[in-house]
Amino acid sequence: MMCSSSRWRALARQELGRFADGRITNGLIDRVLETAAIGARLSFEFEGRELAIGFDFGKASAEFRYRIGGGEWRTEKRERPDWVSADGWYRLSYYGDDWKPGKHRFEAEVIHGNRPDCSGSNFRLAKVGIIR
């Protein structure tokens, strides 16, 4: 996994740039890779045909843009219903309905949602599932 700077200590004693290893005790998520830094980036390579990525999500959550295999950047725009709080909603996103099985590279950059229902820049990555 690659990130955009080397300022923080994090997960598995690796340097993960602006991301830190955090703990959450909501019963569904015990650890997250997190940042509140707009512009923080991460990337990883995997072998499969689809990704399932889980987030600790809420009104204070950032959005992100992503791309696969060096392709076009796409912006994630997740809905925030009135009932959702600042965080604590375990939310899954799926990528790759049309990918062929094989090696892929996933890149993401944290951005602010810039909408009234997006009140923060917390990016909390909880799980990455690779579907083969």
# chains A, B, ... in the order shown; residues from 1 in each chain; ligands from 1

call {"tool": "residues_around", "arguments": {"residues": "A:Ile111", "least_positions_apart": "4", "cutoff": "6 Å", "atoms": "only C-alpha atoms", "output": "list in words"}}
result
Ile38, Glu63 and Phe64 of chain A

call {"tool": "residues_around", "arguments": {"residues": "A:Lys127", "least_positions_apart": "5", "cutoff": "12 Å", "atoms": "only C-alpha atoms", "output": "ChimeraX atom specification"}}
result
/A:28-34,51-56,90-94

call {"tool": "write_last_selection", "arguments": {"atoms": "C-alpha atoms", "output": "PDB file, in the first residue's frame"}}
result
ATOM      1  CA  LEU A  28     -18.870  -4.024  13.847  1.00  0.00           C
ATOM      2  CA  ILE A  29     -15.508  -2.393  13.258  1.00  0.00           C
ATOM      3  CA  ASP A  30     -12.525  -2.819  15.558  1.00  0.00           C
ATOM      4  CA  ARG A  31      -9.777  -1.071  13.551  1.00  0.00           C
ATOM      5  CA  VAL A  32      -9.652   1.428  10.709  1.00  0.00           C
ATOM      6  CA  LEU A  33      -7.102   3.102   8.497  1.00  0.00           C
ATOM      7  CA  GLU A  34      -8.080   6.735   8.941  1.00  0.00           C
ATOM      8  CA  LEU A  51     -13.612  -5.089  -4.692  1.00  0.00           C
ATOM      9  CA  ALA A  52     -15.852  -4.622  -1.679  1.00  0.00           C
ATOM     10  CA  ILE A  53     -14.656  -1.790   0.568  1.00  0.00           C
ATOM     11  CA  GLY A  54     -16.171  -1.132   3.999  1.00  0.00           C
ATOM     12  CA  PHE A  55     -16.155   2.248   5.741  1.00  0.00           C
ATOM     13  CA  ASP A  56     -17.091   3.732   9.101  1.00  0.00           C
ATOM     14  CA  TYR A  90     -20.763   0.487   8.526  1.00  0.00           C
ATOM     15  CA  ARG A  91     -21.171   1.067   4.809  1.00  0.00           C
ATOM     16  CA  LEU A  92     -19.984  -1.113   1.930  1.00  0.00           C
ATOM     17  CA  SER A  93     -19.105   0.083  -1.555  1.00  0.00           C
ATOM     18  CA  TYR A  94     -18.534  -2.254  -4.502  1.00  0.00           C
TER      19      TYR A  94
END

call {"tool": "select_by_dssp", "arguments": {"residues": "stretch 62-123 of chain A", "states": "strand (DSSP E or B)", "output": "list of chain:residue names"}}
result
A:Glu63, A:Phe64, A:Arg65, A:Tyr66, A:Arg67, A:Ile68, A:Arg74, A:Thr75, A:Trp89, A:Tyr90, A:Arg91, A:Leu92, A:Ser93, A:Tyr94, A:Tyr95, A:Gly102, A:Lys103, A:His104, A:Arg105, A:Phe106, A:Glu107, A:Ala108, A:Glu109, A:Val110, A:Ile111, A:Asn122, A:Phe123

call {"tool": "residues_around", "arguments": {"residues": "A:Glu45", "least_positions_apart": "5", "cutoff": "8 Å", "atoms": "only C-alpha atoms", "output": "MDAnalysis selection string"}}
result
chainID A and resid 1 103:106

call {"tool": "residues_around", "arguments": {"residues": "stretch 73-87 of chain A", "least_positions_apart": "4", "cutoff": "12 Å", "atoms": "only C-alpha atoms", "output": "number ranges by chain"}}
result
A: 24-26, 29, 55-69, 91-95, 106-124

call {"tool": "write_last_selection", "arguments": {"atoms": "N, CA and C atoms", "output": "short mmCIF file (atom, residue, chain, number, x, y, z; two decimals), in the first residue's frame"}}
result
data_model
loop_
_atom_site.label_atom_id
_atom_site.label_comp_id
_atom_site.auth_asym_id
_atom_site.auth_seq_id
_atom_site.Cartn_x
_atom_site.Cartn_y
_atom_site.Cartn_z
N ILE A 24 -12.03 1.68 16.76
CA ILE A 24 -13.42 2.09 16.95
C ILE A 24 -14.12 0.96 17.69
N THR A 25 -14.99 1.27 18.59
CA THR A 25 -15.63 0.23 19.40
C THR A 25 -17.14 0.24 19.22
N ASN A 26 -17.60 0.13 17.98
CA ASN A 26 -19.04 0.12 17.74
C ASN A 26 -19.59 -1.30 17.56
N ILE A 29 -16.82 -2.76 13.76
CA ILE A 29 -15.51 -2.39 13.26
C ILE A 29 -14.57 -2.27 14.45
N PHE A 55 -16.52 0.99 5.09
CA PHE A 55 -16.16 2.25 5.74
C PHE A 55 -16.95 2.45 7.02
N ASP A 56 -16.35 3.13 8.01
CA ASP A 56 -17.09 3.73 9.10
C ASP A 56 -17.56 5.06 8.52
N PHE A 57 -18.86 5.21 8.37
CA PHE A 57 -19.40 6.29 7.56
C PHE A 57 -20.45 7.09 8.33
N GLY A 58 -20.58 8.37 7.97
CA GLY A 58 -21.61 9.23 8.54
C GLY A 58 -21.53 10.63 7.94
N LYS A 59 -22.23 11.56 8.54
CA LYS A 59 -22.27 12.93 8.01
C LYS A 59 -20.91 13.62 8.06
N ALA A 60 -20.02 13.20 8.98
CA ALA A 60 -18.70 13.81 9.08
C ALA A 60 -17.66 13.10 8.20
N SER A 61 -18.12 12.18 7.37
CA SER A 61 -17.20 11.43 6.51
C SER A 61 -16.85 12.18 5.24
N ALA A 62 -15.61 12.03 4.82
CA ALA A 62 -15.15 12.59 3.55
C ALA A 62 -15.69 11.74 2.41
N GLU A 63 -15.61 12.28 1.23
CA GLU A 63 -15.79 11.49 0.03
C GLU A 63 -14.40 11.21 -0.52
N PHE A 64 -14.33 10.51 -1.62
CA PHE A 64 -13.03 10.25 -2.24
C PHE A 64 -13.22 10.05 -3.73
N ARG A 65 -12.15 10.25 -4.43
CA ARG A 65 -12.16 9.91 -5.85
C ARG A 65 -11.24 8.71 -6.00
N TYR A 66 -11.50 7.91 -7.01
CA TYR A 66 -10.73 6.68 -7.19
C TYR A 66 -10.54 6.39 -8.67
N ARG A 67 -9.57 5.55 -8.93
CA ARG A 67 -9.39 5.03 -10.29
C ARG A 67 -8.81 3.63 -10.20
N ILE A 68 -9.01 2.91 -11.27
CA ILE A 68 -8.54 1.54 -11.37
C ILE A 68 -7.58 1.43 -12.53
N GLY A 69 -6.42 0.86 -12.29
CA GLY A 69 -5.45 0.60 -13.36
C GLY A 69 -5.02 1.83 -14.12
N ARG A 91 -20.64 0.95 6.17
CA ARG A 91 -21.17 1.07 4.81
C ARG A 91 -20.22 0.42 3.82
N LEU A 92 -20.76 -0.43 2.96
CA LEU A 92 -19.98 -1.11 1.93
C LEU A 92 -20.16 -0.43 0.58
N SER A 93 -19.08 -0.38 -0.16
CA SER A 93 -19.11 0.08 -1.55
C SER A 93 -18.47 -1.01 -2.40
N TYR A 94 -19.01 -1.20 -3.60
CA TYR A 94 -18.53 -2.25 -4.50
C TYR A 94 -17.99 -1.63 -5.78
N TYR A 95 -16.91 -2.21 -6.27
CA TYR A 95 -16.26 -1.71 -7.49
C TYR A 95 -15.88 -2.89 -8.36
N PHE A 106 -5.83 -0.24 -7.43
CA PHE A 106 -6.86 0.67 -6.93
C PHE A 106 -6.15 1.87 -6.30
N GLU A 107 -6.53 3.08 -6.73
CA GLU A 107 -5.99 4.31 -6.16
C GLU A 107 -7.14 5.16 -5.66
N ALA A 108 -6.96 5.81 -4.52
CA ALA A 108 -7.99 6.68 -3.95
C ALA A 108 -7.35 7.94 -3.39
N GLU A 109 -8.11 9.04 -3.47
CA GLU A 109 -7.69 10.32 -2.90
C GLU A 109 -8.86 10.91 -2.12
N VAL A 110 -8.60 11.32 -0.88
CA VAL A 110 -9.63 11.87 -0.01
C VAL A 110 -9.99 13.29 -0.48
N ILE A 111 -11.31 13.53 -0.61
CA ILE A 111 -11.81 14.86 -0.96
C ILE A 111 -12.97 15.20 -0.02
N HIS A 112 -13.33 16.46 0.07
CA HIS A 112 -14.50 16.86 0.86
C HIS A 112 -15.73 16.71 -0.03
N GLY A 113 -16.85 16.34 0.58
CA GLY A 113 -18.08 16.17 -0.18
C GLY A 113 -18.66 17.46 -0.72
N ASN A 114 -18.35 18.59 -0.09
CA ASN A 114 -18.83 19.92 -0.53
C ASN A 114 -20.33 19.96 -0.79
N ARG A 115 -21.09 19.43 0.17
CA ARG A 115 -22.55 19.50 0.14
C ARG A 115 -23.03 19.76 1.56
N PRO A 116 -24.24 20.27 1.72
CA PRO A 116 -24.75 20.56 3.07
C PRO A 116 -24.77 19.34 4.00
N ASP A 117 -25.00 18.14 3.46
CA ASP A 117 -25.07 16.95 4.32
C ASP A 117 -23.71 16.32 4.60
N CYS A 118 -22.63 16.94 4.15
CA CYS A 118 -21.27 16.45 4.39
C CYS A 118 -20.56 17.46 5.28
N SER A 119 -20.45 17.16 6.57
CA SER A 119 -19.94 18.13 7.53
C SER A 119 -18.49 17.90 7.96
N GLY A 120 -17.78 16.97 7.33
CA GLY A 120 -16.42 16.71 7.77
C GLY A 120 -15.55 16.09 6.72
N SER A 121 -14.35 15.69 7.13
CA SER A 121 -13.40 15.10 6.19
C SER A 121 -12.81 13.80 6.74
N ASN A 122 -13.56 13.09 7.60
CA ASN A 122 -13.08 11.82 8.15
C ASN A 122 -13.18 10.72 7.12
N PHE A 123 -12.06 10.08 6.85
CA PHE A 123 -12.01 8.94 5.94
C PHE A 123 -11.56 7.75 6.78
N ARG A 124 -12.45 6.79 6.99
CA ARG A 124 -12.16 5.64 7.85
C ARG A 124 -12.40 4.36 7.10
#

call {"tool": "atom_distance", "arguments": {"atom1": "atom CA of A:Ala126", "atom2": "atom CA of A:Ala40"}}
result
16.3 Å

call {"tool": "atom_distance", "arguments": {"atom1": "atom CA of A:Arg41", "atom2": "atom CA of A:Gly129"}}
result
18.9 Å

call {"tool": "closest_residue", "arguments": {"among": "A:Glu72, A:Gly102, A:Trp89, A:Val128", "to": "A:Arg49", "atoms": "only C-alpha atoms"}}
result
A:Gly102
